[in-house]
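Beneath this line is the structure, given in structure tokens, with notes to follow.
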Amino acid sequence: MSVHERQVSAGERFRFGENWQRFLSELTPERIAAAEHSLQEMLEVRDLRGRRLLDAGSGSGLFSLAARRLGASVVSFDYDPQSVACTGTLKERYFHDDPEWTVVEGSVLDTDWLARLGLFDIVYSWGVLHHTGNMWQALDNVSSLVRPGGKLFISIYNDQGSRSRRWKKLKKAYNSAPRIGRVPILVWVFLHLWWFPTLKDLLRGKPFQTWRNYGGMRGMSAWRDVVDWAGGYPFEVARPDELFNFYRKRGFTLAALVTCAGSVGCNEFVFEKNLRMEQTGTAPYHAESELEAHAH
């Protein structure tokens with residue numbers, strides 16, 4: 001049994017890939033376009049041609065696909081084998097045998113393995129690093145993969161103090177429970193997250209409009225995100241100022257920020273690495289990484 005499987009069996013990790021496999025059946029051209037638009041908007045680009053992008057924790061593979069469609073050369077990895085399979089499915093479906101898109105299994109906490117990847121113009125890790133079990137180490141590790149002048153696009157759960165600690169206990173309970181025992185937790189999470197938007201839509205005479213339009217926000221699925229929120233464990237959080245100071249000390253400047261206004265959810269950050277900064281991290285530069293050279 002792999003380390004991942006032992007963690008899942010012990011209730012210490014959510015099966016993210018299982019949730020993503022179900023999401024792929026809901027994937028539409030409109031969702032893909034929404035994912036592309038979100039990258040263009042946050043990175044302030046029209047396309048990614050000539051850029052090398054790392055998708056650290058690729059999940060469903062949607063944003064690796066979006067980046068490749070925008071012209072980037074993409075390396076995708078995930079710790080969850082089912083997530084790797086999801087990303088591989090999208091590559092085979094849309095970019096079969098494409099040498100500019102590499103999909104592998106790996107851990108963002110494995111510095112020796114990361115050192116083989118080389119440096120990237122863009123490192124993208126949305127809603128991932130807080131699920132590693134060692135968030136601050138993961139945040140540090142990805143900083144070493146950004147080439148000077150490059151960008152780091154991350155999102156991290158907002159620290160809500162005692163409320164976040166209660167969510168952590170609930171997520172732990174979800175993963176420790178048998179499948180039938182997870183149903184009440186899922187129902188509670190759904191009602192907690194969606195009662196107000198649903199009521200608001202009803203009062204406006206537009207029943208479930210927010211739910212129906214959810215795919216327009218980054219191309220995601222409302223129900224899959226409910227399941228992810230209920231089960232997403234390990235679970236860590238950070239305040240925006242903590243992340244700002246953390247990366248400032250590592251030679252990054254904040255280029256873009258979207259907060260969840262103190263509510264449940266993630267804060268999004270785009271940091272730019274100082275051009276003058278001497279690269280001293282774990283990932284030495286290679287024009288083409290050892291990993292991709294073997295993959296091709």
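Residues in the structure tokens are named by chain (A, B, ... in the order shown) and by number from 1 within that chain; ligands are numbered from 1 in the order shown.
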With 12 Å as the cut-off and only C-alpha atoms counted, what is the closest atom pair between each nearby residue of segment 57-90 of chain A and segment 111-122 of chain A? Distances in Å to one decimal, ordered by chain and number, as CSV.
```
residue,atom,partner,partner_atom,distance
A:Ser64,CA,A:Ile122,CA,11.7
A:Ala67,CA,A:Ile122,CA,10.1
A:Ala72,CA,A:Ile122,CA,9.4
A:Ser73,CA,A:Phe120,CA,9.7
A:Val74,CA,A:Phe120,CA,9.4
A:Val75,CA,A:Leu117,CA,8.5
A:Ser76,CA,A:Leu117,CA,10.5
A:Phe77,CA,A:Leu114,CA,10.4
A:Asp78,CA,A:Leu114,CA,12.0
```
Spatial neighbours of segment 171-184 of chain A, max dist 12 Å, only C-alpha atoms, sep filter under 2 positions, as a PyMOL selection string: chain A and resi 7-16+131+164-169+186-191+226-236
To one decimal place, how far is atom CA of Arg218 of chain A from atom CA of Leu199 of chain A in Å? 23.2 Å
Using only C-alpha atoms, the shortest atom-to-atom distance to Leu145 of chain A among A:Gly219, A:Asp55, A:Ala66, A:Tyr157 belongs to A:Asp55
Alpha helix (DSSP H) residues, from DSSP on the backbone, in segment 90-296 of chain A, as a PyMOL selection string: chain A and resi 90-94+111-114+135-143+162-176+179-203+209-212+222-231+240-248+290-295
Separating atom CA of Leu129 of chain A from atom CA of Trp195 of chain A, to the nearest tenth of an Å, is a gap of 28.6 Å
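Within 12 Å of Arg69 of chain A, once only C-alpha atoms are used and residues closer than 3 positions along the same chain are dropped, the contacting residues are Pro29, Ile32, Ala33, Ala35, Glu36, His37, Leu39, Gln40, Arg46, Asp47, Leu48, Arg49, Leu62, Phe63, Ser64, Leu65, Ala66, Ala72, Ser73, Val74, Leu90, Lys91, Tyr94, Phe95, Asp98, Glu100 and Trp101 of chain A.
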How about saving the chosen residues, C-alpha atoms kept, as a PDB file, in the first residue's frame?
```
ATOM      1  CA  PRO A  29     -16.281  23.909 -23.616  1.00  0.00           C
ATOM      2  CA  ILE A  32     -12.741  25.333 -20.245  1.00  0.00           C
ATOM      3  CA  ALA A  33     -13.174  28.841 -21.622  1.00  0.00           C
ATOM      4  CA  ALA A  35     -10.739  28.561 -16.796  1.00  0.00           C
ATOM      5  CA  GLU A  36      -8.745  30.182 -19.593  1.00  0.00           C
ATOM      6  CA  HIS A  37     -10.310  33.565 -18.846  1.00  0.00           C
ATOM      7  CA  LEU A  39      -5.777  32.719 -16.004  1.00  0.00           C
ATOM      8  CA  GLN A  40      -5.741  35.608 -18.461  1.00  0.00           C
ATOM      9  CA  ARG A  46      -3.728  37.509 -23.560  1.00  0.00           C
ATOM     10  CA  ASP A  47      -1.922  34.229 -24.039  1.00  0.00           C
ATOM     11  CA  LEU A  48       0.946  32.188 -22.578  1.00  0.00           C
ATOM     12  CA  ARG A  49       2.944  31.487 -25.702  1.00  0.00           C
ATOM     13  CA  LEU A  62      -8.578  21.717 -16.129  1.00  0.00           C
ATOM     14  CA  PHE A  63      -6.096  24.529 -15.566  1.00  0.00           C
ATOM     15  CA  SER A  64      -3.231  22.613 -17.125  1.00  0.00           C
ATOM     16  CA  LEU A  65      -5.484  22.229 -20.152  1.00  0.00           C
ATOM     17  CA  ALA A  66      -6.393  25.920 -20.072  1.00  0.00           C
ATOM     18  CA  ALA A  72       2.175  27.516 -22.493  1.00  0.00           C
ATOM     19  CA  SER A  73       4.541  24.580 -22.247  1.00  0.00           C
ATOM     20  CA  VAL A  74       3.072  22.750 -19.239  1.00  0.00           C
ATOM     21  CA  LEU A  90      -7.545  15.566 -20.425  1.00  0.00           C
ATOM     22  CA  LYS A  91      -4.147  15.572 -22.082  1.00  0.00           C
ATOM     23  CA  TYR A  94      -7.253  17.365 -26.145  1.00  0.00           C
ATOM     24  CA  PHE A  95      -3.457  17.174 -26.710  1.00  0.00           C
ATOM     25  CA  ASP A  98       1.887  16.535 -27.195  1.00  0.00           C
ATOM     26  CA  GLU A 100       4.783  20.354 -24.649  1.00  0.00           C
ATOM     27  CA  TRP A 101       2.616  18.908 -21.881  1.00  0.00           C
TER      28      TRP A 101
END
```
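Straight-line separation from atom CA of Leu54 of chain A to atom CA of Met42 of chain A: 15.8 Å.
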Please provide as a VMD selection string all residues within 12 Å of Asn134 of chain A, with the sequence filter that same-chain residues fewer than 2 positions apart are discarded (counting only C-alpha atoms). chain A and resid 107 to 110 128 to 132 136 to 141 233 to 237
So, with only C-alpha atoms as the atoms that count, which of A:Ser2, A:Met220, A:Ile154, A:Gly17 lies closest to Glu30 of chain A? A:Met220
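Distances here use only C-alpha atoms; by that measure, the residue among A:Ser125, A:Asp201, A:Leu193, A:Tyr79 closest to Val3 of chain A is A:Tyr79.
Ranking A:Gln160, A:Thr253, A:Ser58, A:Ser83 by their shortest atom-to-atom distance to Phe269 of chain A, with only C-alpha atoms included, puts A:Thr253 first.
Using only C-alpha atoms for every distance, the candidate list A:Glu41, A:Glu105, A:Glu242, A:Glu26 yields A:Glu105 as the residue closest to Gly88 of chain A.
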Going by DSSP on the backbone, which bits of segment 46-222 of chain A are strand (DSSP E)? Write them as an NGL selection string, please. :A and (52-56 or 73-78 or 101-105 or 120-126 or 146-157)
When you look at Thr89 of chain A with a cut-off of 10 Å (counting only C-alpha atoms), what residues show up, excluding the ones that are within fewer than 5 positions of it in the same chain? I need them as a list in words. Gln21, Leu24, Ser60, Gly61, Ser83, Val84, Tyr94, Phe95, His96 and Val103 of chain A
Using C-alpha atoms, can you export the residues from the last selection as a tab-separated table (two decimals), in the first residue's frame?
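File written: result.tsv
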```tsv
chain	number	residue	atom	x	y	z
A	21	GLN	CA	-12.88	12.09	-11.82
A	24	LEU	CA	-14.63	15.41	-15.73
A	60	SER	CA	-8.73	17.57	-12.55
A	61	GLY	CA	-6.21	18.93	-15.04
A	83	SER	CA	-5.75	13.27	-9.92
A	84	VAL	CA	-2.74	12.43	-12.08
A	94	TYR	CA	-7.25	17.36	-26.15
A	95	PHE	CA	-3.46	17.17	-26.71
A	96	HIS	CA	-2.67	13.55	-27.52
A	103	VAL	CA	1.96	14.82	-16.64
```
